[in-house]
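Each remark here refers to the structure printed beneath this line.
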Amino acid sequence: MNILVTGGCGFIGSHLTDRLLERGHRVSVIDNLSTGNIANLNKKAVLYKIDIRDDENVGQVFDKEQPEVVFHLAAQINVRKSEEDPYLDTDININGSLKIIKNFLRVERRKKFVFASTGGAIYGDTDILPTPETVEPFPLCPYGISKLAVEKYLFYFSMFYNLKFVVLRYGNVYGPRQNAQAEAGVISIFSNNILDKKTPVIFGDGEQTRDFVYIDDIVNANITVMDNDVNGIFNVGTGKETSVNQVFDYLKKASGLNLNKRHAEPRKGEIKRSCISPAKLIRLTGWHPSVEIKEGISKTFTWFKGSY
């Protein structure tokens, strides 16, 4: 098939592009390289260096490539930046997404639109853990709000324009190629700190938890929903909580170093516990997370060490 990946030079997008090419698909990529790295991109993919908000050029890509499936990953993905500039977050994540959707609707042979949403930021504070998709989202940051808005638009387009779509609400994704500056993933940040001989900083007491899911499992989920006749919203996580303190301990073991850490004031508005249930995706597709956190952190640190 002809497949388009937006954000294909980024962390998740580049891994997904590799897998799609391995399966024999033709893959085109839209990426403005604001946070993506062209070195991540498979040379067999066709790159269009444009912004998803550039309606004219995006339209030309769709006219030329006629993608049957779109994986929409391009976004402003930093929660802190969304709080600093919610208008920019809205412009990229909502307006940019609508331009991609609008152009996909013009493709006659379109099959499915797969949207990368967030499970970590969309539910807000909830006592229901692991959190299933039936819990009403209540995002506490502009990033989560913008992702939820696009989900609602997808329902609208599915009802009135017969758009088949899947929303994947990711847990906290980590793994090789993650950009610590762009994605603010604690595992990549701590890995860089360790290799730079800097003391990792933990905000608050470090007992805040997240659902960390390894990149290979995320890619498998994307491929699975493309291959299966499913639609709607799915969490992609492990259903297990891991604290920031545990992450530090696992990285300490993976590095083999006698590391120290320091604590700083808690970040304002940070969710104390986050963990999403992947039961629906498992039940309807057979997908399941396969990489345990200890193994994933070891693999990730080994990659970071080799890239230094």
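Residues in the structure tokens are named by chain (A, B, ... in the order shown) and by number from 1 within that chain; ligands are numbered from 1 in the order shown.
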
With a cut-off of 12 Å, could you pull out the residues of segment 188-295 of chain A touching segment 79-90 of chain A and give me the nearest pair of atoms for each, distance in Å to one decimal, using only C-alpha atoms, ordered by chain and ascending number, as a Markdown table?
| residue | atom | partner | partner_atom | distance |
| --- | --- | --- | --- | --- |
| A:Arg267 | CA | A:Arg80 | CA | 10.0 |
| A:Lys268 | CA | A:Arg80 | CA | 10.3 |
| A:Gly269 | CA | A:Glu83 | CA | 10.4 |
| A:Glu270 | CA | A:Val79 | CA | 10.2 |
| A:Ile271 | CA | A:Val79 | CA | 11.9 |

For the residues selected in the previous step, produce a file with C-alpha atoms as a compact mmCIF listing (two decimals), in the first residue's frame.
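Printed below is part33.txt as written:
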# COMPACT_ATOMS: atom_id res chain seq x y z
CA ARG A 267 6.23 20.58 39.09
CA LYS A 268 2.97 22.49 39.25
CA GLY A 269 -0.02 20.52 38.03
CA GLU A 270 1.85 17.26 37.57
CA ILE A 271 -0.36 14.18 37.76

Check your understanding: Can you tell me, as a PyMOL selection string, what residues are no more than 10 Å from segment 275-289 of chain A when counting only C-alpha atoms, ignoring any on the same chain fewer than 5 positions away?
Key -> chain A and resi 119-120+123+126+128-133+168-172+209-214+216-218+220-225+227-230+233-242

Write the residues you've just listed into a file as a tab-separated table (two decimals), in the first residue's frame, and include C-alpha atoms for each of them.
chain	number	residue	atom	x	y	z
A	119	GLY	CA	-3.10	8.22	27.38
A	120	GLY	CA	-0.72	9.92	29.78
A	123	TYR	CA	-7.45	11.36	31.42
A	126	THR	CA	-8.47	9.71	38.15
A	128	ILE	CA	-9.57	4.39	38.27
A	129	LEU	CA	-6.24	2.69	37.57
A	130	PRO	CA	-5.37	1.18	35.17
A	131	THR	CA	-7.63	3.62	33.33
A	132	PRO	CA	-9.88	2.18	30.59
A	133	GLU	CA	-11.18	4.11	27.58
A	168	LEU	CA	-4.16	5.23	19.81
A	169	ARG	CA	-3.76	6.75	23.25
A	170	TYR	CA	-0.12	6.08	24.08
A	171	GLY	CA	1.30	5.63	27.53
A	172	ASN	CA	4.74	7.12	28.23
A	209	THR	CA	4.03	6.85	38.52
A	210	ARG	CA	3.63	6.47	34.78
A	211	ASP	CA	2.80	3.67	32.35
A	212	PHE	CA	6.05	3.27	30.41
A	213	VAL	CA	5.66	1.43	27.11
A	214	TYR	CA	8.58	0.45	24.89
A	216	ASP	CA	8.61	-1.77	19.74
A	217	ASP	CA	5.26	-2.35	21.42
A	218	ILE	CA	3.97	1.00	20.15
A	220	ASN	CA	3.37	-3.27	16.87
A	221	ALA	CA	0.14	-1.60	18.01
A	222	ASN	CA	0.12	0.69	14.97
A	223	ILE	CA	0.69	-2.20	12.58
A	224	THR	CA	-1.96	-4.26	14.35
A	225	VAL	CA	-4.73	-1.68	14.02
A	227	ASP	CA	-4.10	-4.90	9.68
A	228	ASN	CA	-7.27	-5.48	11.71
A	229	ASP	CA	-10.78	-4.29	10.96
A	230	VAL	CA	-11.10	-2.14	14.07
A	233	ILE	CA	-10.21	4.62	20.53
A	234	PHE	CA	-7.64	2.28	22.08
A	235	ASN	CA	-5.18	2.68	24.94
A	236	VAL	CA	-1.66	1.46	24.22
A	237	GLY	CA	0.12	0.79	27.49
A	238	THR	CA	1.22	-1.96	29.84
A	239	GLY	CA	-1.38	-1.53	32.56
A	240	LYS	CA	1.50	-1.32	35.07
A	241	GLU	CA	2.72	1.62	37.13
A	242	THR	CA	6.41	2.45	37.46

Practice item. Taking the chain letters and numbering used in this document, name the residues of segment 83-139 of chain A that DSSP puts in strand (DSSP E or B), as a VMD selection string. Key: chain A and resid 112 to 118 131

Exercise for review: Report the distance between atom CA of Ala74 of chain A and atom CA of Pro139 of chain A in Å, rounded to one decimal place.
Suggested key: 19.7 Å

**Study point:** Contacts of Arg23 of chain A at 10 Å (only C-alpha atoms; same-chain gap of 5+ positions) as a list of chain:residue names
**Key:** A:Met1, A:Thr17, A:Asp18, A:Ile223

Output C-alpha atoms for every residue in the selection just made, as an mmCIF file, in the first residue's frame.
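result_11.cif, freshly written:
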data_model
loop_
_atom_site.group_PDB
_atom_site.id
_atom_site.type_symbol
_atom_site.label_atom_id
_atom_site.label_comp_id
_atom_site.auth_asym_id
_atom_site.auth_seq_id
_atom_site.Cartn_x
_atom_site.Cartn_y
_atom_site.Cartn_z
ATOM 1 C CA MET A 1 0.000 0.000 0.000
ATOM 2 C CA THR A 17 8.465 3.870 8.958
ATOM 3 C CA ASP A 18 11.184 1.217 9.229
ATOM 4 C CA ILE A 223 0.692 -2.203 12.581
#

Review point. Which distance in Å separates atom CA of Asp205 of chain A and atom CA of Gly296 of chain A, to one decimal?
Key: 23.6 Å
